[in-house]
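Text of model13.cif (mmCIF, C-alpha atoms and all ligand atoms) as supplied:
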data_protein
loop_
_atom_site.group_PDB
_atom_site.id
_atom_site.type_symbol
_atom_site.label_atom_id
_atom_site.label_comp_id
_atom_site.auth_asym_id
_atom_site.auth_seq_id
_atom_site.Cartn_x
_atom_site.Cartn_y
_atom_site.Cartn_z
ATOM 1 C CA MET N 1 -2.317 9.943 -11.776
ATOM 2 C CA PRO N 2 -1.820 9.317 -8.028
ATOM 3 C CA ASN N 3 1.172 7.146 -7.161
ATOM 4 C CA THR N 4 0.140 4.145 -5.029
ATOM 5 C CA PHE N 5 3.528 3.875 -3.313
ATOM 6 C CA LEU N 6 3.377 7.517 -2.172
ATOM 7 C CA GLU N 7 -0.254 7.214 -1.111
ATOM 8 C CA ARG N 8 0.492 4.179 1.047
ATOM 9 C CA LEU N 9 3.640 5.734 2.530
ATOM 10 C CA ASN N 10 1.864 8.940 3.413
ATOM 11 C CA SER N 11 -1.176 7.153 4.859
ATOM 12 C CA GLY N 12 1.122 5.534 7.432
ATOM 13 C CA THR N 13 0.501 1.994 6.153
ATOM 14 C CA VAL N 14 3.384 -0.292 7.088
ATOM 15 C CA MET N 15 4.746 -2.135 4.058
ATOM 16 C CA VAL N 16 6.975 -5.190 3.881
ATOM 17 C CA SER N 17 9.718 -5.184 1.282
ATOM 18 C CA ASP N 18 11.573 -8.235 0.024
ATOM 19 C CA GLY N 19 14.848 -9.875 1.105
ATOM 20 C CA ALA N 20 18.237 -10.343 -0.523
ATOM 21 C CA THR N 21 18.920 -10.754 -4.219
ATOM 22 C CA GLY N 22 22.618 -11.694 -4.500
ATOM 23 C CA THR N 23 22.869 -14.141 -1.598
ATOM 24 C CA ASN N 24 19.724 -16.000 -2.690
ATOM 25 C CA TYR N 25 20.965 -16.185 -6.291
ATOM 26 C CA GLN N 26 24.217 -17.694 -5.012
ATOM 27 C CA LYS N 27 22.173 -20.498 -3.422
ATOM 28 C CA MET N 28 20.378 -20.887 -6.751
ATOM 29 C CA GLY N 29 23.700 -21.328 -8.548
ATOM 30 C CA LEU N 30 24.984 -17.834 -9.412
ATOM 31 C CA GLY N 31 28.744 -18.214 -9.828
ATOM 32 C CA LEU N 32 31.140 -16.334 -7.550
ATOM 33 C CA GLY N 33 32.010 -12.972 -9.092
ATOM 34 C CA VAL N 34 29.172 -13.087 -11.647
ATOM 35 C CA PRO N 35 27.078 -9.894 -11.509
ATOM 36 C CA PRO N 36 23.465 -10.821 -10.556
ATOM 37 C CA GLU N 37 22.235 -8.475 -13.317
ATOM 38 C CA GLU N 38 23.542 -10.924 -15.950
ATOM 39 C CA TRP N 39 20.794 -13.322 -14.844
ATOM 40 C CA VAL N 40 18.204 -10.906 -16.207
ATOM 41 C CA ILE N 41 19.413 -12.007 -19.661
ATOM 42 C CA ASP N 42 20.846 -15.465 -18.914
ATOM 43 C CA GLU N 43 18.446 -16.924 -16.297
ATOM 44 C CA PRO N 44 15.246 -14.862 -16.324
ATOM 45 C CA HIS N 45 13.247 -17.827 -14.935
ATOM 46 C CA ASN N 46 15.451 -17.727 -11.794
ATOM 47 C CA VAL N 47 14.939 -13.968 -11.454
ATOM 48 C CA LEU N 48 11.185 -14.501 -11.708
ATOM 49 C CA ALA N 49 11.292 -17.447 -9.275
ATOM 50 C CA LEU N 50 12.955 -15.422 -6.502
ATOM 51 C CA HIS N 51 10.580 -12.467 -7.014
ATOM 52 C CA ARG N 52 7.620 -14.860 -6.845
ATOM 53 C CA ALA N 53 8.945 -16.522 -3.686
ATOM 54 C CA PHE N 54 9.046 -13.092 -1.996
ATOM 55 C CA VAL N 55 5.543 -12.209 -3.186
ATOM 56 C CA GLU N 56 4.265 -15.536 -1.821
ATOM 57 C CA ALA N 57 6.086 -14.863 1.466
ATOM 58 C CA GLY N 58 4.091 -11.638 1.887
ATOM 59 C CA SER N 59 6.229 -8.880 0.354
ATOM 60 C CA ASP N 60 4.207 -5.780 -0.507
ATOM 61 C CA ILE N 61 7.230 -4.495 -2.425
ATOM 62 C CA ILE N 62 9.796 -6.299 -4.570
ATOM 63 C CA LEU N 63 12.981 -4.708 -5.918
ATOM 64 C CA THR N 64 14.327 -5.191 -9.426
ATOM 65 C CA CYS N 65 17.520 -7.137 -10.136
ATOM 66 C CA SER N 66 19.365 -4.000 -11.190
ATOM 67 C CA PHE N 67 21.382 -2.989 -8.129
ATOM 68 C CA GLY N 68 24.655 -3.047 -10.084
ATOM 69 C CA GLY N 69 23.017 -1.840 -13.294
ATOM 70 C CA THR N 70 24.668 1.523 -13.882
ATOM 71 C CA ARG N 71 26.751 1.568 -17.036
ATOM 72 C CA ILE N 72 29.775 2.381 -14.836
ATOM 73 C CA ARG N 73 29.402 -0.651 -12.565
ATOM 74 C CA MET N 74 28.636 -2.927 -15.522
ATOM 75 C CA ARG N 75 31.715 -1.979 -17.516
ATOM 76 C CA ASP N 76 33.479 -5.303 -16.777
ATOM 77 C CA SER N 77 30.357 -7.383 -17.454
ATOM 78 C CA LYS N 78 29.948 -9.316 -20.665
ATOM 79 C CA TYR N 79 26.793 -7.215 -21.085
ATOM 80 C CA ALA N 80 28.551 -3.868 -20.565
ATOM 81 C CA GLU N 81 26.931 -2.428 -23.687
ATOM 82 C CA ARG N 82 23.452 -3.630 -22.731
ATOM 83 C CA ALA N 83 23.023 -1.825 -19.388
ATOM 84 C CA PRO N 84 19.813 0.056 -20.319
ATOM 85 C CA GLU N 85 18.261 -3.108 -21.762
ATOM 86 C CA ILE N 86 19.071 -5.075 -18.584
ATOM 87 C CA ASN N 87 17.399 -2.421 -16.429
ATOM 88 C CA PHE N 88 14.344 -2.333 -18.676
ATOM 89 C CA ARG N 89 14.025 -6.125 -18.651
ATOM 90 C CA ALA N 90 14.649 -6.331 -14.879
ATOM 91 C CA ALA N 91 11.704 -3.970 -14.354
ATOM 92 C CA GLN N 92 9.484 -6.045 -16.615
ATOM 93 C CA LEU N 93 10.395 -9.313 -14.834
ATOM 94 C CA ALA N 94 9.580 -7.831 -11.426
ATOM 95 C CA ARG N 95 6.329 -6.372 -12.810
ATOM 96 C CA GLN N 96 5.381 -9.811 -14.132
ATOM 97 C CA ALA N 97 6.032 -11.451 -10.724
ATOM 98 C CA ALA N 98 4.211 -8.655 -8.859
ATOM 99 C CA SER N 99 1.051 -9.272 -10.873
ATOM 100 C CA GLN N 100 0.466 -12.590 -9.091
ATOM 101 C CA ARG N 101 -1.015 -10.707 -6.100
ATOM 102 C CA ASP N 102 -3.043 -7.488 -6.168
ATOM 103 C CA GLY N 103 -1.271 -4.398 -4.921
ATOM 104 C CA VAL N 104 2.321 -5.627 -4.959
ATOM 105 C CA LEU N 105 4.606 -2.721 -5.869
ATOM 106 C CA VAL N 106 7.889 -2.751 -7.773
ATOM 107 C CA GLY N 107 10.856 -0.621 -6.737
ATOM 108 C CA GLY N 108 13.629 -0.040 -9.255
ATOM 109 C CA SER N 109 16.930 -0.683 -7.473
ATOM 110 C CA LEU N 110 20.002 1.490 -8.166
ATOM 111 C CA GLY N 111 23.199 0.809 -6.204
ATOM 112 C CA PRO N 112 26.581 2.557 -6.034
ATOM 113 C CA THR N 113 28.803 2.663 -9.127
ATOM 114 C CA GLY N 114 31.690 0.962 -7.344
ATOM 115 C CA GLN N 115 33.843 4.058 -7.983
ATOM 116 C CA LEU N 116 34.606 6.944 -5.654
ATOM 117 C CA CYS N 117 33.476 10.396 -6.725
ATOM 118 C CA GLU N 118 35.872 13.315 -6.900
ATOM 119 C CA PRO N 119 37.691 14.470 -4.811
ATOM 120 C CA TYR N 120 38.200 10.978 -3.304
ATOM 121 C CA GLY N 121 38.320 9.118 -6.616
ATOM 122 C CA GLU N 122 38.212 9.655 -10.353
ATOM 123 C CA LEU N 123 34.471 9.543 -10.977
ATOM 124 C CA THR N 124 33.245 13.000 -12.002
ATOM 125 C CA HIS N 125 29.925 14.376 -10.820
ATOM 126 C CA ASP N 126 28.679 14.696 -14.417
ATOM 127 C CA ALA N 127 29.581 11.097 -15.323
ATOM 128 C CA ALA N 128 27.734 9.817 -12.241
ATOM 129 C CA VAL N 129 24.689 11.998 -12.995
ATOM 130 C CA SER N 130 24.434 10.666 -16.570
ATOM 131 C CA ALA N 131 24.869 7.030 -15.514
ATOM 132 C CA TYR N 132 22.024 7.264 -12.973
ATOM 133 C CA ALA N 133 19.839 9.217 -15.397
ATOM 134 C CA GLU N 134 20.262 6.451 -17.978
ATOM 135 C CA GLN N 135 19.477 3.696 -15.445
ATOM 136 C CA ALA N 136 16.477 5.532 -13.972
ATOM 137 C CA ALA N 137 15.028 6.141 -17.437
ATOM 138 C CA ALA N 138 15.274 2.443 -18.358
ATOM 139 C CA LEU N 139 13.714 1.290 -15.064
ATOM 140 C CA THR N 140 10.910 3.830 -15.438
ATOM 141 C CA ASP N 141 10.233 2.733 -19.028
ATOM 142 C CA GLY N 142 10.157 -0.874 -17.784
ATOM 143 C CA GLY N 143 7.242 -0.036 -15.483
ATOM 144 C CA VAL N 144 8.493 0.301 -11.879
ATOM 145 C CA ASP N 145 6.341 2.158 -9.298
ATOM 146 C CA PHE N 146 9.208 4.007 -7.632
ATOM 147 C CA LEU N 147 13.003 4.125 -7.578
ATOM 148 C CA ILE N 148 15.386 3.350 -4.743
ATOM 149 C CA LEU N 149 19.045 4.277 -4.343
ATOM 150 C CA GLU N 150 20.290 1.649 -1.890
ATOM 151 C CA THR N 151 23.472 0.768 0.013
ATOM 152 C CA PHE N 152 24.999 4.223 -0.581
ATOM 153 C CA PHE N 153 27.852 5.295 1.686
ATOM 154 C CA ALA N 154 29.146 8.594 0.230
ATOM 155 C CA LEU N 155 27.199 11.855 0.003
ATOM 156 C CA GLU N 156 28.896 12.983 -3.234
ATOM 157 C CA GLU N 157 27.740 9.871 -5.084
ATOM 158 C CA ALA N 158 24.231 9.933 -3.574
ATOM 159 C CA VAL N 159 23.757 13.603 -4.476
ATOM 160 C CA ALA N 160 24.863 12.929 -8.076
ATOM 161 C CA ALA N 161 22.581 9.881 -8.237
ATOM 162 C CA ILE N 162 19.584 11.879 -6.973
ATOM 163 C CA GLU N 163 20.279 14.568 -9.579
ATOM 164 C CA GLY N 164 20.499 11.928 -12.333
ATOM 165 C CA VAL N 165 17.329 10.119 -11.265
ATOM 166 C CA LYS N 166 15.357 13.349 -11.061
ATOM 167 C CA ARG N 167 16.595 14.420 -14.483
ATOM 168 C CA ALA N 168 15.176 11.226 -16.031
ATOM 169 C CA SER N 169 12.131 10.229 -13.973
ATOM 170 C CA ALA N 170 9.246 11.797 -12.085
ATOM 171 C CA LEU N 171 8.717 8.659 -9.942
ATOM 172 C CA PRO N 172 9.039 8.821 -6.132
ATOM 173 C CA LEU N 173 12.610 8.203 -4.933
ATOM 174 C CA VAL N 174 13.801 6.421 -1.771
ATOM 175 C CA VAL N 175 17.414 6.955 -0.680
ATOM 176 C CA SER N 176 18.982 4.354 1.600
ATOM 177 C CA PHE N 177 22.495 4.260 3.068
ATOM 178 C CA SER N 178 24.470 1.340 4.487
ATOM 179 C CA TYR N 179 25.999 1.984 7.924
ATOM 180 C CA ASP N 180 28.428 -0.893 7.727
ATOM 181 C CA GLN N 181 30.858 0.562 10.270
ATOM 182 C CA GLY N 182 28.197 0.220 12.979
ATOM 183 C CA THR N 183 26.344 3.517 13.091
ATOM 184 C CA ARG N 184 28.492 5.188 10.427
ATOM 185 C CA THR N 185 28.899 4.554 6.709
ATOM 186 C CA MET N 186 32.192 3.544 5.118
ATOM 187 C CA MET N 187 32.847 7.272 4.566
ATOM 188 C CA GLY N 188 32.140 8.022 8.225
ATOM 189 C CA LEU N 189 28.658 9.525 7.856
ATOM 190 C CA ARG N 190 26.152 9.334 10.704
ATOM 191 C CA PRO N 191 22.382 8.966 10.080
ATOM 192 C CA SER N 192 21.767 12.552 11.272
ATOM 193 C CA GLN N 193 24.269 13.900 8.705
ATOM 194 C CA VAL N 194 22.613 11.894 5.929
ATOM 195 C CA VAL N 195 19.155 13.225 6.846
ATOM 196 C CA ALA N 196 20.445 16.811 6.997
ATOM 197 C CA ALA N 197 21.966 16.506 3.505
ATOM 198 C CA ILE N 198 19.336 14.364 1.762
ATOM 199 C CA ALA N 199 15.981 15.439 3.243
ATOM 200 C CA PRO N 200 16.038 18.881 1.545
ATOM 201 C CA LEU N 201 16.503 17.219 -1.874
ATOM 202 C CA GLY N 202 12.893 16.049 -2.115
ATOM 203 C CA VAL N 203 12.836 12.299 -1.461
ATOM 204 C CA ALA N 204 9.867 10.045 -0.643
ATOM 205 C CA ALA N 205 11.646 8.105 2.110
ATOM 206 C CA ILE N 206 15.068 7.854 3.724
ATOM 207 C CA GLY N 207 16.465 4.463 4.558
ATOM 208 C CA ALA N 208 19.124 2.287 6.056
ATOM 209 C CA ASN N 209 19.885 -1.095 4.537
ATOM 210 C CA CYS N 210 22.497 -3.850 4.793
ATOM 211 C CA GLY N 211 24.867 -2.571 7.521
ATOM 212 C CA LYS N 212 26.423 -4.530 10.335
ATOM 213 C CA SER N 213 23.998 -5.991 12.887
ATOM 214 C CA LEU N 214 20.385 -5.807 14.028
ATOM 215 C CA ASP N 215 21.490 -4.009 17.188
ATOM 216 C CA THR N 216 23.375 -1.296 15.307
ATOM 217 C CA MET N 217 20.383 -1.005 12.926
ATOM 218 C CA GLU N 218 18.164 -0.377 15.958
ATOM 219 C CA GLN N 219 20.452 2.499 16.995
ATOM 220 C CA ILE N 220 20.321 3.867 13.445
ATOM 221 C CA VAL N 221 16.507 3.722 13.376
ATOM 222 C CA ALA N 222 16.429 5.609 16.689
ATOM 223 C CA GLU N 223 18.774 8.284 15.310
ATOM 224 C CA LEU N 224 16.823 8.597 12.042
ATOM 225 C CA SER N 225 13.504 8.879 13.951
ATOM 226 C CA ALA N 226 14.972 11.476 16.297
ATOM 227 C CA GLN N 227 15.675 13.785 13.325
ATOM 228 C CA ARG N 228 11.889 14.323 13.019
ATOM 229 C CA ALA N 229 12.404 15.163 9.358
ATOM 230 C CA GLY N 230 8.819 14.211 8.505
ATOM 231 C CA ILE N 231 10.083 11.704 5.936
ATOM 232 C CA PRO N 232 9.042 8.018 6.095
ATOM 233 C CA LEU N 233 11.747 5.499 7.042
ATOM 234 C CA TRP N 234 12.759 2.478 4.974
ATOM 235 C CA ILE N 235 14.666 -0.195 6.953
ATOM 236 C CA LYS N 236 16.215 -3.365 5.442
ATOM 237 C CA PRO N 237 18.958 -4.896 7.616
ATOM 238 C CA ASN N 238 21.046 -7.879 6.591
ATOM 239 C CA ALA N 239 20.656 -11.190 8.436
ATOM 240 C CA GLY N 240 23.874 -10.560 10.361
ATOM 241 C CA LEU N 241 27.352 -10.661 8.856
ATOM 242 C CA PRO N 242 28.344 -13.570 6.612
ATOM 243 C CA ARG N 243 30.445 -16.470 7.847
ATOM 244 C CA MET N 244 32.292 -18.212 5.008
ATOM 245 C CA VAL N 245 31.788 -21.974 4.932
ATOM 246 C CA GLY N 246 33.975 -23.006 1.996
ATOM 247 C CA ASP N 247 32.749 -20.852 -0.911
ATOM 248 C CA VAL N 248 29.332 -20.273 0.630
ATOM 249 C CA ALA N 249 28.381 -17.282 2.779
ATOM 250 C CA GLU N 250 26.215 -18.405 5.703
ATOM 251 C CA TYR N 251 24.034 -15.939 7.632
ATOM 252 C CA ASP N 252 23.090 -16.878 11.179
ATOM 253 C CA ILE N 253 20.158 -14.605 12.050
ATOM 254 C CA SER N 254 16.928 -16.636 12.119
ATOM 255 C CA PRO N 255 13.624 -15.542 10.568
ATOM 256 C CA GLU N 256 12.143 -15.221 14.092
ATOM 257 C CA MET N 257 14.962 -12.908 15.205
ATOM 258 C CA MET N 258 14.610 -10.732 12.066
ATOM 259 C CA ALA N 259 10.853 -10.549 12.677
ATOM 260 C CA ALA N 260 11.288 -9.547 16.324
ATOM 261 C CA TYR N 261 13.558 -6.675 15.304
ATOM 262 C CA ALA N 262 11.282 -5.668 12.414
ATOM 263 C CA THR N 263 8.415 -5.092 14.873
ATOM 264 C CA ARG N 264 10.746 -2.955 17.011
ATOM 265 C CA PHE N 265 11.728 -0.921 13.924
ATOM 266 C CA VAL N 266 8.029 -0.395 13.098
ATOM 267 C CA ARG N 267 7.279 0.702 16.671
ATOM 268 C CA ALA N 268 10.258 3.084 16.418
ATOM 269 C CA GLY N 269 8.798 4.671 13.285
ATOM 270 C CA ALA N 270 9.749 2.583 10.222
ATOM 271 C CA SER N 271 7.200 2.603 7.393
ATOM 272 C CA VAL N 272 8.856 -0.082 5.266
ATOM 273 C CA VAL N 273 10.726 -3.106 6.644
ATOM 274 C CA GLY N 274 12.386 -6.012 4.883
ATOM 275 C CA GLY N 275 15.765 -7.718 4.730
ATOM 276 C CA CYS N 276 19.093 -7.283 2.943
ATOM 277 C CA CYS N 277 21.970 -9.775 2.497
ATOM 278 C CA GLY N 278 21.223 -13.254 3.843
ATOM 279 C CA SER N 279 17.451 -12.662 4.060
ATOM 280 C CA THR N 280 15.456 -15.489 2.470
ATOM 281 C CA PRO N 281 11.737 -15.758 1.691
ATOM 282 C CA ALA N 282 11.402 -17.476 5.115
ATOM 283 C CA HIS N 283 12.775 -14.311 6.771
ATOM 284 C CA VAL N 284 10.310 -12.159 4.834
ATOM 285 C CA ALA N 285 7.391 -14.454 5.722
ATOM 286 C CA ALA N 286 8.230 -14.130 9.443
ATOM 287 C CA ILE N 287 8.610 -10.334 9.121
ATOM 288 C CA ALA N 288 5.287 -9.996 7.261
ATOM 289 C CA GLN N 289 3.411 -12.038 9.853
ATOM 290 C CA ALA N 290 4.922 -10.165 12.818
ATOM 291 C CA VAL N 291 4.512 -6.696 11.314
ATOM 292 C CA LYS N 292 0.872 -7.261 10.405
ATOM 293 C CA ALA N 293 0.215 -8.290 14.023
ATOM 294 C CA VAL N 294 1.771 -4.981 15.167
ATOM 295 C CA ALA N 295 -0.407 -3.035 12.742
ATOM 296 C CA ARG N 296 -3.550 -4.713 14.156
ATOM 297 C CA GLU N 297 -2.456 -4.013 17.741
ATOM 298 C CA ASP N 298 -1.882 -0.370 16.919
ATOM 299 C CA ALA N 299 -5.270 0.006 15.247
ATOM 300 C CA LEU N 300 -7.122 -0.422 18.559
ATOM 301 C CA PRO N 301 -5.424 2.257 20.704
ATOM 302 C CA THR N 302 -5.648 4.723 17.780
ATOM 303 C CA LEU N 303 -9.417 4.285 17.712
ATOM 304 C CA SER N 304 -9.837 4.851 21.448
ATOM 305 C CA LEU N 305 -7.467 7.840 21.360
ATOM 306 C CA SER N 306 -9.457 9.561 18.651
ATOM 307 C CA GLU N 307 -12.657 8.954 20.636
ATOM 308 C CA THR N 308 -11.007 10.526 23.687
ATOM 309 C CA SER N 309 -9.882 13.596 21.805
ATOM 310 C CA HIS N 310 -13.363 13.921 20.300
ATOM 311 C CA ASP N 311 -14.863 13.822 23.793
ATOM 312 C CA LEU N 312 -12.434 16.480 24.967
ATOM 313 C CA ARG N 313 -13.251 18.766 22.077
ATOM 314 C CA GLY N 314 -16.986 18.222 22.430
HETATM 315 ZN ZN ZN D 401 23.016 -6.236 1.890
#
Would you write the structure of this file as structure tokens?
Ligand SMILES: [Zn+2]
Amino acid sequence: MPNTFLERLNSGTVMVSDGATGTNYQKMGLGLGVPPEEWVIDEPHNVLALHRAFVEAGSDIILTCSFGGTRIRMRDSKYAERAPEINFRAAQLARQAASQRDGVLVGGSLGPTGQLCEPYGELTHDAAVSAYAEQAAALTDGGVDFLILETFFALEEAVAAIEGVKRASALPLVVSFSYDQGTRTMMGLRPSQVVAAIAPLGVAAIGANCGKSLDTMEQIVAELSAQRAGIPLWIKPNAGLPRMVGDVAEYDISPEMMAAYATRFVRAGASVVGGCCGSTPAHVAAIAQAVKAVAREDALPTLSLSETSHDLRG
């Protein structure tokens, strides 16, 4: 059966993904230090409500509430023993919200374990592989369209995660790193190094998400595009860095500013754009409107170009 996500990616269609999960849940009452994944069991109506708000805002893709859902990352949660069930239910909730508009796709989100892999930390390659295999299997059973490893910063962990996902699921896989040191990840990796290591592993798209600022994200997009790896780009920046006002993290980048940068990312080669931390449904609505205007603009020159080349051939 053809996979709709892959078909759309490979046809060059620009897709809009959703915004933040954690920071929006905090506004909806998620307690400080509570893993968002616990809401899949405790507050499923809130999980559905945020997914639906993003679908209404114009998201073509929504991501499951399972970022911290590996068994390893969940070991301090009250639901530590229910990790596979949480991933399965998270997929079903997103699927339910996606059904309110035709064609909305669900990506199963898998984030870092929170541990460092050997030789930097104690996490073994095999333990990481099995944790991601278990999570990917549960998300796949729950009905997602594709899987996404997001906010990765270390190659060892990403490589183990890719191996685990591929062991458990045949779905397309996106791999996205966070360059939170500017144009390098926490472990010092540049976008070109990530592409060189990850592109040969058979992924549907390579991405950058979260990070530091819209300006550094623009440099990252330029570096990713320059690799000419022939792999679609997935770009989800945060709405700037948080400013703590009491217990609440405030993000200062406006929807209009996010949208202006999203059009620049699309012109620079991004196939999927959206937002990470601090991005609300209002940010996604502005991005969707701006990006669809770019797509219409681009449709006209493409038509006249193909007519020109036809004339030349004829
Ligand atoms: Zn983020």
Decode the PyMOL selection byres (((not hetatm)) within 7 of (chain D and resi 401)) for the given file into explicit residues and return them as a PDB file with C-alpha atoms, in the frame of the given file.
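And here is the file that came out, expr.pdb:
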ATOM      1  CA  ALA N  20      18.237 -10.343  -0.523  1.00  0.00           C
ATOM      2  CA  ASN N 209      19.885  -1.095   4.537  1.00  0.00           C
ATOM      3  CA  CYS N 210      22.497  -3.850   4.793  1.00  0.00           C
ATOM      4  CA  GLY N 211      24.867  -2.571   7.521  1.00  0.00           C
ATOM      5  CA  ASN N 238      21.046  -7.879   6.591  1.00  0.00           C
ATOM      6  CA  CYS N 276      19.093  -7.283   2.943  1.00  0.00           C
ATOM      7  CA  CYS N 277      21.970  -9.775   2.497  1.00  0.00           C
TER       8      CYS N 277
END
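Proximity of N:Leu32, N:Leu241, N:Ala204, N:Ala196 to Gln227 of chain N, computed with only C-alpha atoms, is greatest for N:Ala196.
Polymer residues near (11.1, 2.5, -5.9): counting all atoms listed in the file with a cut-off of 6 Å, they are Gly107, Gly108, Asp145, Phe146, Leu147, Ile148 and Leu173 of chain N.
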Quick one: residues within 9 Å of Gly12 of chain N, all atoms listed in the file, excluding same-chain residues fewer than 5 positions away - as a short mmCIF file (atom, residue, chain, number, x, y, z; two decimals) with C-alpha atoms, in the coordinates of the input?
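result.cif written:
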data_model
loop_
_atom_site.label_atom_id
_atom_site.label_comp_id
_atom_site.auth_asym_id
_atom_site.auth_seq_id
_atom_site.Cartn_x
_atom_site.Cartn_y
_atom_site.Cartn_z
CA GLU N 7 -0.25 7.21 -1.11
CA PRO N 232 9.04 8.02 6.10
CA SER N 271 7.20 2.60 7.39
#
Polymer residues at most 12 Å from Arg184 of chain N, only C-alpha atoms, same-chain spacing of 2 or more positions, as a list in words:
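The filter keeps Phe152, Phe153, Ala154, Phe177, Ser178, Tyr179, Asp180, Gln181, Gly182, Met186, Met187, Gly188, Leu189, Arg190, Pro191, Ser192, Gln193, Val194, Ala208, Gly211, Lys212, Thr216, Met217, Gln219, Ile220 and Glu223 of chain N.
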List as a PDB file with C-alpha atoms, keeping the file's coordinate frame the protein and nucleic acid residues near Leu149 of chain N, meaning an atom at most 12 Å away when only C-alpha atoms are counted, but skip any in the same chain fewer than 4 places from it.
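As a result, around-v1.pdb now contains:
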ATOM      1  CA  LEU N  63      12.981  -4.708  -5.918  1.00  0.00           C
ATOM      2  CA  THR N  64      14.327  -5.191  -9.426  1.00  0.00           C
ATOM      3  CA  SER N  66      19.365  -4.000 -11.190  1.00  0.00           C
ATOM      4  CA  PHE N  67      21.382  -2.989  -8.129  1.00  0.00           C
ATOM      5  CA  GLY N  68      24.655  -3.047 -10.084  1.00  0.00           C
ATOM      6  CA  GLY N  69      23.017  -1.840 -13.294  1.00  0.00           C
ATOM      7  CA  THR N  70      24.668   1.523 -13.882  1.00  0.00           C
ATOM      8  CA  GLY N 107      10.856  -0.621  -6.737  1.00  0.00           C
ATOM      9  CA  GLY N 108      13.629  -0.040  -9.255  1.00  0.00           C
ATOM     10  CA  SER N 109      16.930  -0.683  -7.473  1.00  0.00           C
ATOM     11  CA  LEU N 110      20.002   1.490  -8.166  1.00  0.00           C
ATOM     12  CA  GLY N 111      23.199   0.809  -6.204  1.00  0.00           C
ATOM     13  CA  PRO N 112      26.581   2.557  -6.034  1.00  0.00           C
ATOM     14  CA  THR N 113      28.803   2.663  -9.127  1.00  0.00           C
ATOM     15  CA  TYR N 132      22.024   7.264 -12.973  1.00  0.00           C
ATOM     16  CA  GLN N 135      19.477   3.696 -15.445  1.00  0.00           C
ATOM     17  CA  ALA N 136      16.477   5.532 -13.972  1.00  0.00           C
ATOM     18  CA  PHE N 153      27.852   5.295   1.686  1.00  0.00           C
ATOM     19  CA  ALA N 154      29.146   8.594   0.230  1.00  0.00           C
ATOM     20  CA  LEU N 155      27.199  11.855   0.003  1.00  0.00           C
ATOM     21  CA  GLU N 157      27.740   9.871  -5.084  1.00  0.00           C
ATOM     22  CA  ALA N 158      24.231   9.933  -3.574  1.00  0.00           C
ATOM     23  CA  VAL N 159      23.757  13.603  -4.476  1.00  0.00           C
ATOM     24  CA  ALA N 160      24.863  12.929  -8.076  1.00  0.00           C
ATOM     25  CA  ALA N 161      22.581   9.881  -8.237  1.00  0.00           C
ATOM     26  CA  ILE N 162      19.584  11.879  -6.973  1.00  0.00           C
ATOM     27  CA  GLU N 163      20.279  14.568  -9.579  1.00  0.00           C
ATOM     28  CA  GLY N 164      20.499  11.928 -12.333  1.00  0.00           C
ATOM     29  CA  VAL N 165      17.329  10.119 -11.265  1.00  0.00           C
ATOM     30  CA  LYS N 166      15.357  13.349 -11.061  1.00  0.00           C
ATOM     31  CA  PRO N 172       9.039   8.821  -6.132  1.00  0.00           C
ATOM     32  CA  LEU N 173      12.610   8.203  -4.933  1.00  0.00           C
ATOM     33  CA  VAL N 174      13.801   6.421  -1.771  1.00  0.00           C
ATOM     34  CA  VAL N 175      17.414   6.955  -0.680  1.00  0.00           C
ATOM     35  CA  SER N 176      18.982   4.354   1.600  1.00  0.00           C
ATOM     36  CA  PHE N 177      22.495   4.260   3.068  1.00  0.00           C
ATOM     37  CA  SER N 178      24.470   1.340   4.487  1.00  0.00           C
ATOM     38  CA  ILE N 198      19.336  14.364   1.762  1.00  0.00           C
ATOM     39  CA  VAL N 203      12.836  12.299  -1.461  1.00  0.00           C
ATOM     40  CA  ALA N 204       9.867  10.045  -0.643  1.00  0.00           C
ATOM     41  CA  ALA N 205      11.646   8.105   2.110  1.00  0.00           C
ATOM     42  CA  ILE N 206      15.068   7.854   3.724  1.00  0.00           C
ATOM     43  CA  GLY N 207      16.465   4.463   4.558  1.00  0.00           C
ATOM     44  CA  ALA N 208      19.124   2.287   6.056  1.00  0.00           C
ATOM     45  CA  ASN N 209      19.885  -1.095   4.537  1.00  0.00           C
ATOM     46  CA  TRP N 234      12.759   2.478   4.974  1.00  0.00           C
TER      47      TRP N 234
END
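The gap separating atom CA of Cys65 of chain N from atom CA of Glu38 of chain N is 9.2 Å, in Å to one decimal.
Between atom CA of Ala133 of chain N and atom CA of Thr151 of chain N lies a distance of 17.9 Å.
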Separating atom CA of Phe5 of chain N from atom CA of Leu105 of chain N, to the nearest tenth of an Å, is a gap of 7.2 Å
Find the axis-aligned box for segment 80-99 of chain N, covering all its listed atoms and adding 5 Å on each side, and write its centre and edge lengths in Å to one decimal as lines of an AutoDock Vina configuration file.
center_x = 14.8
center_y = -5.7
center_z = -16.3
size_x = 37.5
size_y = 21.5
size_z = 24.8
Hits from the PyMOL selection byres (((chain N and resi 45-54) around 10) and not hetatm), listed as an MDAnalysis selection string
chainID N and resid 17:21 24:25 28:30 36:37 39:44 55:65 90 92:101 280:285
Residue nearest Val272 of chain N - candidates N:Ala127, N:Val291, N:Val144, N:Pro2, atoms counted: only C-alpha atoms:
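Using only C-alpha atoms, Val272 of chain N sits closest to N:Val291.
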Nearby residues (all atoms listed in the file) at most 6 Å from Phe88 of chain N, same-chain spacing under 6 positions excluded, as a PDB file with C-alpha atoms, keeping the file's coordinate frame:
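part.pdb, written as the output of this step:
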ATOM      1  CA  ALA N 138      15.274   2.443 -18.358  1.00  0.00           C
ATOM      2  CA  LEU N 139      13.714   1.290 -15.064  1.00  0.00           C
ATOM      3  CA  GLY N 142      10.157  -0.874 -17.784  1.00  0.00           C
TER       4      GLY N 142
END
Using all atoms listed in the file, which residues sit within 10 Å of Arg267 of chain N once same-chain residues fewer than 2 positions away are excluded, as a ChimeraX atom specification?
/N:261-265,269-271,291,294-295,298
